[in-house]
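These notes are about the structure you will find just below.
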Amino acid sequence: MKKLFTTFISLTFAACLLAQPTLEIYENAGGEWQKLDNGAVLQRHGDASSEITEILAVKNASGVDKSVFFKKHPINVITGSLNTFCWAHTCLLPNQTVSDPMTVQAAQMITDEFSFHFQGQGHSGVSTIRYTAVNSADHTDTVYFDVVYTTSPAGINNFTMSDIRLAPNPASEKVTLLNLPRHYREFTLELFDATGNLLARQALEDGIEASVVGVNVSQYPVGIYFVRINNHQGAVVTRRLAITR
């Protein structure tokens, strides 16, 4: 009887190990990738007319290649808002909920393919959307996280974070921020490479002409980068930047 019980415990433990997801999701916190718990809840804030967007990393923690697709499940969404996500070199339409699959090699972390995007379209409130990464060969091998989007009325001078643009893009020497508000105290600009490494951070000084607010990129190699701008109200916008020569 004792032997049967021991065997049962061993089989149960082995089954639990097999049930562990082989896919992992990471967020960029201060220039470092940090793993999210399965079922994590991310709180993101922005004004009702801006775009809330973020890039997350996807890792295949197993020893074999995986074909991975994403699906989204709107748990509750503000009427009139728009949301979408990008994966496998494609950004889906707002009404699409399942992406194409993409191969993630064994032990590989992909840092520039998955992103989520939410626009309040002028509507304030709270929306919750679930995003799930799925192993195409085994639909029980999944990892998911929820994003709670809180949108509030637009800030000063009707400015919205989604107005900010980069020029020129592609850039070779300097990239400049366009469409900043007249007063942008407590704005911060950060530059990341495609793997999520923080390369530069600077606070934007209120009163400086927008034409001189930017980053010198002449010292960085050719490739894809990301510029993230934060304001003191917690709103964030991320722009993709190509550096060429």
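Naming works like this for the structure tokens: A, B, ... for the chains as they're shown, residue 1 at the start of each chain, ligands 1 onward in shown order.
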
Any idea what's packed within 7 Å of A:Arg201, counting only C-alpha atoms, ignoring anything in its chain fewer than 3 positions away? Could you give it as an MDAnalysis selection string?
chainID A and resid 189:191

Within 10 Å of A:Asn76 using only C-alpha atoms, minus same-chain residues under 3 positions, as number ranges by chain
A: 73, 79, 126-130, 148

File of the preceding selection, C-alpha atoms, as a tab-separated table (two decimals), in the first residue's frame:
```
chain	number	residue	atom	x	y	z
A	73	HIS	CA	-9.99	38.22	-24.77
A	79	THR	CA	-17.65	51.54	-25.39
A	126	VAL	CA	-11.48	51.24	-17.11
A	127	SER	CA	-11.00	48.39	-19.60
A	128	THR	CA	-9.51	44.94	-18.97
A	129	ILE	CA	-8.12	42.76	-21.76
A	130	ARG	CA	-6.48	39.34	-21.45
A	148	VAL	CA	-6.12	47.01	-16.96
```

Close residues, stretch 170-179 of chain A itself excluded, 7 Å, only C-alpha atoms, min 6 positions apart in chain, as a list of chain:residue names
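The residues satisfying every condition are A:Asp163, A:Ile164, A:Ala210, A:Ser211, A:Val212, A:Val213, A:Gly214, A:Val215, A:Asn216, A:Val217, A:Ser218, A:Leu241, A:Ala242, A:Ile243, A:Thr244, A:Arg245.
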
Keeping only N, CA and C atoms, take the residues you just selected and write them out as a tab-separated table (two decimals), in the first residue's frame.
```
chain	number	residue	atom	x	y	z
A	163	ASP	N	-0.04	62.29	-30.00
A	163	ASP	CA	0.36	63.31	-30.96
A	163	ASP	C	1.86	63.31	-31.23
A	164	ILE	N	2.65	62.78	-30.31
A	164	ILE	CA	4.10	62.87	-30.41
A	164	ILE	C	4.62	62.04	-31.58
A	210	ALA	N	10.63	72.85	-29.20
A	210	ALA	CA	10.45	71.44	-29.57
A	210	ALA	C	11.46	71.00	-30.61
A	211	SER	N	11.91	71.93	-31.44
A	211	SER	CA	12.84	71.58	-32.51
A	211	SER	C	14.21	71.14	-32.00
A	212	VAL	N	14.52	71.41	-30.72
A	212	VAL	CA	15.80	70.99	-30.18
A	212	VAL	C	15.65	69.86	-29.15
A	213	VAL	N	14.43	69.38	-28.97
A	213	VAL	CA	14.21	68.27	-28.05
A	213	VAL	C	14.39	66.98	-28.82
A	214	GLY	N	15.45	66.28	-28.53
A	214	GLY	CA	15.69	65.05	-29.25
A	214	GLY	C	16.89	64.30	-28.71
A	215	VAL	N	17.33	63.32	-29.46
A	215	VAL	CA	18.42	62.44	-29.03
A	215	VAL	C	19.43	62.33	-30.16
A	216	ASN	N	20.69	62.44	-29.82
A	216	ASN	CA	21.78	62.20	-30.77
A	216	ASN	C	21.97	60.70	-30.91
A	217	VAL	N	21.74	60.17	-32.11
A	217	VAL	CA	21.81	58.72	-32.32
A	217	VAL	C	23.00	58.34	-33.21
A	218	SER	N	23.89	59.29	-33.46
A	218	SER	CA	24.99	59.03	-34.40
A	218	SER	C	25.95	57.97	-33.88
A	241	LEU	N	11.94	53.40	-33.90
A	241	LEU	CA	12.89	54.26	-34.60
A	241	LEU	C	13.89	53.40	-35.37
A	242	ALA	N	14.08	53.72	-36.62
A	242	ALA	CA	15.10	53.04	-37.42
A	242	ALA	C	16.31	53.96	-37.56
A	243	ILE	N	17.49	53.42	-37.29
A	243	ILE	CA	18.74	54.17	-37.48
A	243	ILE	C	19.44	53.63	-38.71
A	244	THR	N	19.77	54.53	-39.62
A	244	THR	CA	20.42	54.16	-40.88
A	244	THR	C	21.66	55.04	-41.07
A	245	ARG	N	22.47	54.69	-42.04
A	245	ARG	CA	23.64	55.50	-42.38
A	245	ARG	C	23.66	55.76	-43.89
```

Have a look at A:Val64, A:Ile110, A:Ala137, A:Leu166 and name the one nearest to A:Glu27; count only C-alpha atoms.
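Smallest separation from A:Glu27 among the options: A:Ile110.
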
Name all residues at most 8 Å from A:Ser136 (count only C-alpha atoms; drop same-chain ones fewer than 5 positions away) and give them as a short mmCIF file (atom, residue, chain, number, x, y, z; two decimals) with C-alpha atoms, in the first residue's frame.
```
data_model
loop_
_atom_site.label_atom_id
_atom_site.label_comp_id
_atom_site.auth_asym_id
_atom_site.auth_seq_id
_atom_site.Cartn_x
_atom_site.Cartn_y
_atom_site.Cartn_z
CA LYS A 66 7.77 26.19 -30.55
CA SER A 67 5.19 27.66 -32.92
CA VAL A 68 3.46 30.36 -30.86
CA PHE A 69 0.36 32.42 -31.50
CA PRO A 101 1.78 31.68 -35.39
#
```

Nearest-residue call for A:Val58, choices A:Arg44, A:Lys72, A:Lys35, A:His139, using only C-alpha atoms:
A:Lys35

Considering only strand (DSSP E) as DSSP defines it on the backbone, what residues of stretch 41-242 of chain A qualify? List them as a ChimeraX atom specification.
/A:41-47,51-60,66-76,82-87,90-91,102-104,109-119,125-135,138-152,165-167,174-178,187-193,198-204,214-216,223-230,236-242

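Nearest residue to A:Ala203, choosing from A:Val222, A:Leu23, A:Val236, A:Ile229 and counting only C-alpha atoms: A:Ile229.
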
Using only C-alpha atoms for the distances, tell me which of A:Leu92, A:Asn38, A:Tyr131, A:Arg165 is nearest to A:Leu180.
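Checking each candidate against A:Leu180, we get A:Arg165 as the closest.
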
Please determine, counting only C-alpha atoms, which residue among A:Ala167, A:Ala200, A:Leu82, A:Ala40 has the shortest atom-to-atom distance to A:Gly120.
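Between A:Ala167, A:Ala200, A:Leu82, A:Ala40, the residue approaching A:Gly120 most closely is A:Leu82.
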
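In this comparison, which uses only C-alpha atoms, the residue of A:Asp47, A:Ala61, A:Gly196, A:Phe70 approaching A:Gly122 most closely is A:Asp47.
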
One-decimal distance in Å that lies between atom CA of A:Thr84 and atom CA of A:Thr150:
15.9 Å

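Straight-line separation from atom CA of A:Asn83 to atom CA of A:Ile25: 19.6 Å.
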
Correct to one decimal, the distance atom CA of A:Thr22-atom CA of A:Glu113 is 18.2 Å

With a distance cut-off of 7 Å and only C-alpha atoms, select the neighbouring residues of A:Ala48, excluding the residue or stretch itself and same-chain residues fewer than 2 positions from it, and output the selection as an MDAnalysis selection string.
chainID A and resid 46 50 120:124 151:154

Restricting the output to N, CA and C atoms, write the selected residues as a PDB file, in the first residue's frame.
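Result saved to selection.pdb:
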```pdb
ATOM      1  N   GLY A  46      -3.497  56.326 -18.959  1.00  0.00           N
ATOM      2  CA  GLY A  46      -3.294  57.302 -20.016  1.00  0.00           C
ATOM      3  C   GLY A  46      -4.494  58.215 -20.102  1.00  0.00           C
ATOM      4  N   SER A  50      -5.202  59.504 -25.816  1.00  0.00           N
ATOM      5  CA  SER A  50      -3.863  59.032 -26.162  1.00  0.00           C
ATOM      6  C   SER A  50      -3.879  57.530 -26.421  1.00  0.00           C
ATOM      7  N   GLY A 120      -8.512  55.184 -25.962  1.00  0.00           N
ATOM      8  CA  GLY A 120      -9.817  55.475 -25.392  1.00  0.00           C
ATOM      9  C   GLY A 120     -10.753  56.180 -26.359  1.00  0.00           C
ATOM     10  N   GLN A 121     -10.176  56.760 -27.420  1.00  0.00           N
ATOM     11  CA  GLN A 121     -10.983  57.489 -28.417  1.00  0.00           C
ATOM     12  C   GLN A 121     -11.837  58.579 -27.768  1.00  0.00           C
ATOM     13  N   GLY A 122     -11.281  59.214 -26.724  1.00  0.00           N
ATOM     14  CA  GLY A 122     -12.002  60.273 -26.033  1.00  0.00           C
ATOM     15  C   GLY A 122     -12.872  59.800 -24.899  1.00  0.00           C
ATOM     16  N   HIS A 123     -12.936  58.487 -24.658  1.00  0.00           N
ATOM     17  CA  HIS A 123     -13.793  57.927 -23.606  1.00  0.00           C
ATOM     18  C   HIS A 123     -12.963  57.569 -22.372  1.00  0.00           C
ATOM     19  N   SER A 124     -13.423  58.041 -21.212  1.00  0.00           N
ATOM     20  CA  SER A 124     -12.742  57.741 -19.956  1.00  0.00           C
ATOM     21  C   SER A 124     -13.343  56.497 -19.313  1.00  0.00           C
ATOM     22  N   THR A 151      -8.265  55.122 -18.477  1.00  0.00           N
ATOM     23  CA  THR A 151      -8.141  56.367 -19.242  1.00  0.00           C
ATOM     24  C   THR A 151      -8.907  57.471 -18.536  1.00  0.00           C
ATOM     25  N   SER A 152      -8.275  58.645 -18.483  1.00  0.00           N
ATOM     26  CA  SER A 152      -8.868  59.801 -17.824  1.00  0.00           C
ATOM     27  C   SER A 152      -8.945  60.952 -18.809  1.00  0.00           C
ATOM     28  N   PRO A 153      -9.690  62.013 -18.481  1.00  0.00           N
ATOM     29  CA  PRO A 153      -9.818  63.143 -19.419  1.00  0.00           C
ATOM     30  C   PRO A 153      -8.471  63.663 -19.858  1.00  0.00           C
ATOM     31  N   ALA A 154      -8.422  64.185 -21.104  1.00  0.00           N
ATOM     32  CA  ALA A 154      -7.164  64.651 -21.699  1.00  0.00           C
ATOM     33  C   ALA A 154      -6.546  65.761 -20.872  1.00  0.00           C
TER      34      ALA A 154
END
```
